[in-house]
Amino acid sequence: MKNRVFYTFTDKNDGNLAFHVEDNEINVIKNRQNLALKLAYKYEALVYMNQVHGANIIVVDENSPKLIDNCDSIITRNKNLPLMVMVADCIPILMFDGKKEIIAAIHAGRNSTFLEISKKTAEIFIENFSSNPKDISVVLGASIQKCCYEVSDELSKIVENSFGKEFVENNHIDLQGINKKQLNDLGIKNIEISDICTKCGNKPYFSYRKDKKTGRFAGIIILKD
């Protein structure tokens with residue numbers, strides 16, 4: 001069943017995919033249309049979020065709005081309904097259970113990670129859709145890594161007290177590790193984490209910390225019929 005789930009991450013070569021940054025709307029639409037052609041889905045079908053760094057999780061279907069407001073995680077069981085998460089340093093997380101045929105796109109920045117958004121999304125898989133944690137796969141795309149993610153003393157202390165000393169080193173925090181631990185706590189072991197840092201890596205990804213005025217790349221996931 002795994003081959004029914006298609007997922008990928010874009011990069012700068014696919015252009016900016018977000019309307020909320022300083023970019024011409026026509027350019028964004030063009031980039032999104034080109035991506036739909038490239039990945040063979042209907043441009044009009046794409047579901048994406050107005051991401052707010054919270055922990056609001058919405059289950060969507062073909063009748064849902066295409067822009068889900070006030071949301072950082074979307075889930076669907078609908079076939080051929082592409083889900084998109086947009087980032088420029090935050091972690092784009094794609095989650096799926098091929099057996100139960102359910103997928104999610106998750107925006108896990110610092111706040112949402114602290115609010116356990118990936119864990120809460122997985123809990124919906126398990127509690128609402130009877131997923132077995134062993135059947136859930138999670139992919140964390142390129143994002144800012146511990147090497148470049150420096151925060152204040154105060155935030156470092158919060159991470160140390162809330163999640164453990166192992167996730168902080170000289171005020172650098174490990175968001176990927178925190179997400180992994182939260183998922184491991186549910187019995188989810190099939191987790192793939194990109195080691196590409198969007199800030200200091202040599203791959204073409206948008207990074208807000210590197211350049212405040214920047215676009216957004218995306219994680220896309222589709223349940224194929």
# chains A, B, ... in the order shown; residues from 1 in each chain; ligands from 1
>>> closest_atom_pairs(of="region 55-117 of chain A", to="region 203-220 of chain A", cutoff="8 Å", atoms="only C-alpha atoms", output="Markdown table")
| residue | atom | partner | partner_atom | distance |
| --- | --- | --- | --- | --- |
| A:Pro82 | CA | A:Ile220 | CA | 6.6 |
| A:Leu83 | CA | A:Ile220 | CA | 5.6 |
| A:Met84 | CA | A:Ile220 | CA | 4.6 |
| A:Val85 | CA | A:Gly219 | CA | 5.3 |
| A:Met86 | CA | A:Ala218 | CA | 4.4 |
| A:Val87 | CA | A:Arg216 | CA | 5.1 |
| A:Ala88 | CA | A:Ser207 | CA | 4.5 |
| A:Asp89 | CA | A:Ser207 | CA | 5.3 |
| A:Pro92 | CA | A:Gly219 | CA | 5.9 |
| A:Ile93 | CA | A:Gly219 | CA | 7.3 |
| A:Leu94 | CA | A:Gly219 | CA | 7.0 |
| A:Ala105 | CA | A:Gly219 | CA | 7.3 |
>>> residues_around(residues="region 113-116 of chain A", least_positions_apart="5", cutoff="10 Å", atoms="only C-alpha atoms", output="PyMOL selection string")
chain A and resi 53-56+90-91+107-108+121+158-159+162-163+175-176+178-179+182-183
>>> write_last_selection(atoms="C-alpha atoms", output="PDB file, in the first residue's frame")
ATOM      1  CA  HIS A  53       2.657  28.369  14.525  1.00  0.00           C
ATOM      2  CA  GLY A  54      -0.075  26.752  16.626  1.00  0.00           C
ATOM      3  CA  ALA A  55      -1.342  23.211  17.119  1.00  0.00           C
ATOM      4  CA  ASN A  56      -4.635  23.329  15.248  1.00  0.00           C
ATOM      5  CA  CYS A  90      10.585  25.331  10.020  1.00  0.00           C
ATOM      6  CA  ILE A  91      10.289  21.550   9.640  1.00  0.00           C
ATOM      7  CA  HIS A 107       4.150  22.634   9.808  1.00  0.00           C
ATOM      8  CA  ALA A 108       6.496  22.134  12.769  1.00  0.00           C
ATOM      9  CA  THR A 121      -1.424  14.516  14.492  1.00  0.00           C
ATOM     10  CA  ILE A 158      12.486  25.928  28.485  1.00  0.00           C
ATOM     11  CA  VAL A 159      13.683  23.223  26.066  1.00  0.00           C
ATOM     12  CA  SER A 162      10.386  20.506  28.989  1.00  0.00           C
ATOM     13  CA  PHE A 163      12.134  17.986  26.749  1.00  0.00           C
ATOM     14  CA  LEU A 175      13.837  20.579  16.918  1.00  0.00           C
ATOM     15  CA  GLN A 176      14.203  17.439  14.792  1.00  0.00           C
ATOM     16  CA  ILE A 178      12.308  16.733  19.881  1.00  0.00           C
ATOM     17  CA  ASN A 179       9.818  15.747  17.170  1.00  0.00           C
ATOM     18  CA  GLN A 182       7.546  12.796  20.721  1.00  0.00           C
ATOM     19  CA  LEU A 183       6.748  10.304  17.940  1.00  0.00           C
TER      20      LEU A 183
END
>>> select_by_dssp(residues="chain A", states="strand (DSSP E)", output="JSON, numbers by chain")
{"A": [5, 6, 7, 8, 9, 48, 49, 57, 58, 59, 67, 68, 73, 74, 75, 76, 83, 84, 85, 86, 87, 91, 92, 93, 94, 95, 96, 97, 102, 103, 104, 105, 106, 107, 108, 136, 137, 138, 139, 140, 168, 169, 172, 173, 190, 191, 192, 193, 217, 218, 219, 220, 221, 222, 223]}
>>> select_by_dssp(residues="region 2-221 of chain A", states="alpha helix (DSSP H)", output="JSON, numbers by chain")
{"A": [25, 26, 27, 28, 29, 30, 31, 32, 33, 34, 35, 36, 37, 38, 39, 110, 111, 112, 113, 114, 117, 118, 119, 120, 121, 122, 123, 124, 125, 126, 127, 128, 129, 153, 154, 155, 156, 157, 158, 159, 160, 161, 162, 163, 175, 176, 177, 178, 179, 180, 181, 182, 183, 184]}
>>> residues_around(residues="Ile58 (chain A)", least_positions_apart="5", cutoff="7 Å", atoms="only C-alpha atoms", output="ChimeraX atom specification")
/A:73-75
>>> write_last_selection(atoms="all heavy atoms", output="short mmCIF file (atom, residue, chain, number, x, y, z; two decimals), in the first residue's frame")
data_model
loop_
_atom_site.label_atom_id
_atom_site.label_comp_id
_atom_site.auth_asym_id
_atom_site.auth_seq_id
_atom_site.Cartn_x
_atom_site.Cartn_y
_atom_site.Cartn_z
N SER A 73 -1.60 21.74 10.64
CA SER A 73 -1.55 20.32 10.26
C SER A 73 -2.87 19.95 9.59
O SER A 73 -3.95 20.23 10.13
CB SER A 73 -1.32 19.45 11.50
OG SER A 73 -1.38 18.07 11.17
N ILE A 74 -2.76 19.34 8.40
CA ILE A 74 -3.97 18.88 7.71
C ILE A 74 -3.85 17.38 7.44
O ILE A 74 -2.78 16.87 7.13
CB ILE A 74 -4.24 19.66 6.39
CG1 ILE A 74 -2.95 19.94 5.60
CG2 ILE A 74 -5.00 20.93 6.66
CD1 ILE A 74 -3.15 20.69 4.29
N ILE A 75 -4.97 16.72 7.58
CA ILE A 75 -5.06 15.26 7.44
C ILE A 75 -6.14 14.94 6.42
O ILE A 75 -7.19 15.61 6.40
CB ILE A 75 -5.45 14.61 8.78
CG1 ILE A 75 -4.41 14.89 9.87
CG2 ILE A 75 -5.68 13.10 8.64
CD1 ILE A 75 -4.83 14.42 11.27
#
>>> residues_around(residues="region 128-132 of chain A", least_positions_apart="5", cutoff="9 Å", atoms="only C-alpha atoms", output="list in words")
Asp97, Lys99, Lys100, Ile102, Ala122, Glu123, Gly187 and Ile188 of chain A
>>> decode(residues="region 73-218 of chain A", atoms="C-alpha atoms", output="compact mmCIF listing (two decimals), in the first residue's frame")
# COMPACT_ATOMS: atom_id res chain seq x y z
CA SER A 73 -1.55 20.32 10.26
CA ILE A 74 -3.97 18.88 7.71
CA ILE A 75 -5.06 15.26 7.44
CA THR A 76 -7.02 13.47 4.72
CA ARG A 77 -8.18 10.03 3.63
CA ASN A 78 -9.31 11.40 0.28
CA LYS A 79 -7.66 10.04 -2.84
CA ASN A 80 -5.92 12.48 -5.20
CA LEU A 81 -6.25 15.38 -2.77
CA PRO A 82 -2.77 16.95 -2.55
CA LEU A 83 -1.80 18.47 0.81
CA MET A 84 0.90 21.13 1.07
CA VAL A 85 2.97 22.56 3.92
CA MET A 86 5.16 25.64 3.25
CA VAL A 87 8.42 26.44 5.05
CA ALA A 88 11.67 28.40 5.08
CA ASP A 89 13.51 26.94 8.13
CA CYS A 90 10.59 25.33 10.02
CA ILE A 91 10.29 21.55 9.64
CA PRO A 92 7.97 20.31 6.88
CA ILE A 93 6.65 16.98 8.16
CA LEU A 94 4.78 14.48 5.99
CA MET A 95 3.05 11.58 7.74
CA PHE A 96 1.23 8.58 6.32
CA ASP A 97 -0.24 5.17 7.06
CA GLY A 98 -0.43 3.18 3.83
CA LYS A 99 -2.55 0.45 5.42
CA LYS A 100 -5.28 2.74 6.71
CA GLU A 101 -4.79 5.07 3.73
CA ILE A 102 -4.40 8.31 5.62
CA ILE A 103 -1.91 11.16 5.10
CA ALA A 104 -0.95 14.46 6.74
CA ALA A 105 1.12 17.57 6.04
CA ILE A 106 2.46 19.28 9.17
CA HIS A 107 4.15 22.63 9.81
CA ALA A 108 6.50 22.13 12.77
CA GLY A 109 8.25 25.34 13.71
CA ARG A 110 9.49 25.96 17.23
CA ASN A 111 6.09 26.83 18.74
CA SER A 112 4.23 23.98 17.06
CA THR A 113 6.97 21.55 18.09
CA PHE A 114 6.69 22.74 21.70
CA LEU A 115 2.91 22.18 21.37
CA GLU A 116 3.61 18.61 20.12
CA ILE A 117 1.89 19.04 16.77
CA SER A 118 3.43 15.97 15.10
CA LYS A 119 2.56 13.78 18.10
CA LYS A 120 -1.00 15.16 18.22
CA THR A 121 -1.42 14.52 14.49
CA ALA A 122 -0.26 10.93 14.96
CA GLU A 123 -2.67 10.56 17.88
CA ILE A 124 -5.53 11.46 15.54
CA PHE A 125 -4.29 8.73 13.14
CA ILE A 126 -4.32 6.25 16.03
CA GLU A 127 -7.47 7.30 17.90
CA ASN A 128 -9.78 8.44 15.08
CA PHE A 129 -8.61 6.23 12.22
CA SER A 130 -7.35 3.12 14.09
CA SER A 131 -3.77 3.40 12.82
CA ASN A 132 -1.21 1.08 14.35
CA PRO A 133 1.86 3.16 15.32
CA LYS A 134 4.02 0.52 13.58
CA ASP A 135 2.31 1.37 10.28
CA ILE A 136 2.82 5.14 10.53
CA SER A 137 5.72 6.59 8.54
CA VAL A 138 7.03 10.11 9.09
CA VAL A 139 9.38 12.15 6.90
CA LEU A 140 10.99 15.39 8.11
CA GLY A 141 12.22 17.50 5.21
CA ALA A 142 15.11 19.96 5.05
CA SER A 143 14.93 22.59 7.81
CA ILE A 144 17.15 24.61 10.10
CA GLN A 145 19.31 22.18 12.06
CA LYS A 146 20.90 22.29 15.49
CA CYS A 147 24.10 23.74 13.95
CA CYS A 148 22.31 27.01 13.13
CA TYR A 149 19.29 27.11 15.41
CA GLU A 150 20.49 29.38 18.19
CA VAL A 151 17.95 30.72 20.69
CA SER A 152 17.93 32.83 23.88
CA ASP A 153 19.03 31.57 27.30
CA GLU A 154 15.40 31.62 28.35
CA LEU A 155 14.28 29.41 25.46
CA SER A 156 17.20 27.05 25.99
CA LYS A 157 16.08 26.58 29.60
CA ILE A 158 12.49 25.93 28.48
CA VAL A 159 13.68 23.22 26.07
CA GLU A 160 15.94 21.66 28.69
CA ASN A 161 13.19 21.60 31.32
CA SER A 162 10.39 20.51 28.99
CA PHE A 163 12.13 17.99 26.75
CA GLY A 164 15.58 17.17 28.15
CA LYS A 165 19.20 18.31 28.23
CA GLU A 166 20.06 16.25 25.15
CA PHE A 167 18.13 18.66 22.91
CA VAL A 168 20.18 21.74 23.85
CA GLU A 169 23.83 22.53 23.30
CA ASN A 170 25.24 26.05 23.86
CA ASN A 171 21.81 27.60 23.20
CA HIS A 172 21.42 25.59 19.98
CA ILE A 173 18.26 23.49 20.00
CA ASP A 174 17.42 20.26 18.19
CA LEU A 175 13.84 20.58 16.92
CA GLN A 176 14.20 17.44 14.79
CA GLY A 177 15.23 15.41 17.84
CA ILE A 178 12.31 16.73 19.88
CA ASN A 179 9.82 15.75 17.17
CA LYS A 180 11.43 12.33 16.87
CA LYS A 181 11.21 11.73 20.62
CA GLN A 182 7.55 12.80 20.72
CA LEU A 183 6.75 10.30 17.94
CA ASN A 184 8.89 7.56 19.48
CA ASP A 185 6.87 7.98 22.69
CA LEU A 186 3.80 6.83 20.73
CA GLY A 187 5.65 3.79 19.38
CA ILE A 188 6.35 5.33 15.94
CA LYS A 189 9.77 4.18 14.78
CA ASN A 190 9.62 4.63 11.00
CA ILE A 191 10.98 8.19 10.92
CA GLU A 192 13.22 9.65 8.24
CA ILE A 193 14.95 12.97 8.99
CA SER A 194 16.73 15.09 6.40
CA ASP A 195 20.17 16.23 7.56
CA ILE A 196 20.09 19.25 5.23
CA CYS A 197 20.24 22.57 7.07
CA THR A 198 18.31 25.26 5.20
CA LYS A 199 20.51 28.01 6.66
CA CYS A 200 24.08 26.73 6.19
CA GLY A 201 23.59 23.83 3.76
CA ASN A 202 24.67 24.07 0.14
CA LYS A 203 21.33 22.93 -1.26
CA PRO A 204 18.89 25.45 -2.82
CA TYR A 205 16.31 25.97 -0.06
CA PHE A 206 14.68 29.17 1.15
CA SER A 207 15.82 30.21 4.65
CA TYR A 208 14.19 32.97 6.68
CA ARG A 209 17.15 33.17 9.07
CA LYS A 210 19.57 33.56 6.18
CA ASP A 211 17.47 36.09 4.30
CA LYS A 212 14.42 37.71 5.94
CA LYS A 213 12.89 38.53 2.57
CA THR A 214 12.55 35.04 1.17
CA GLY A 215 10.12 32.62 -0.45
CA ARG A 216 8.76 29.32 0.81
CA PHE A 217 9.44 25.81 -0.40
CA ALA A 218 6.98 23.00 0.27
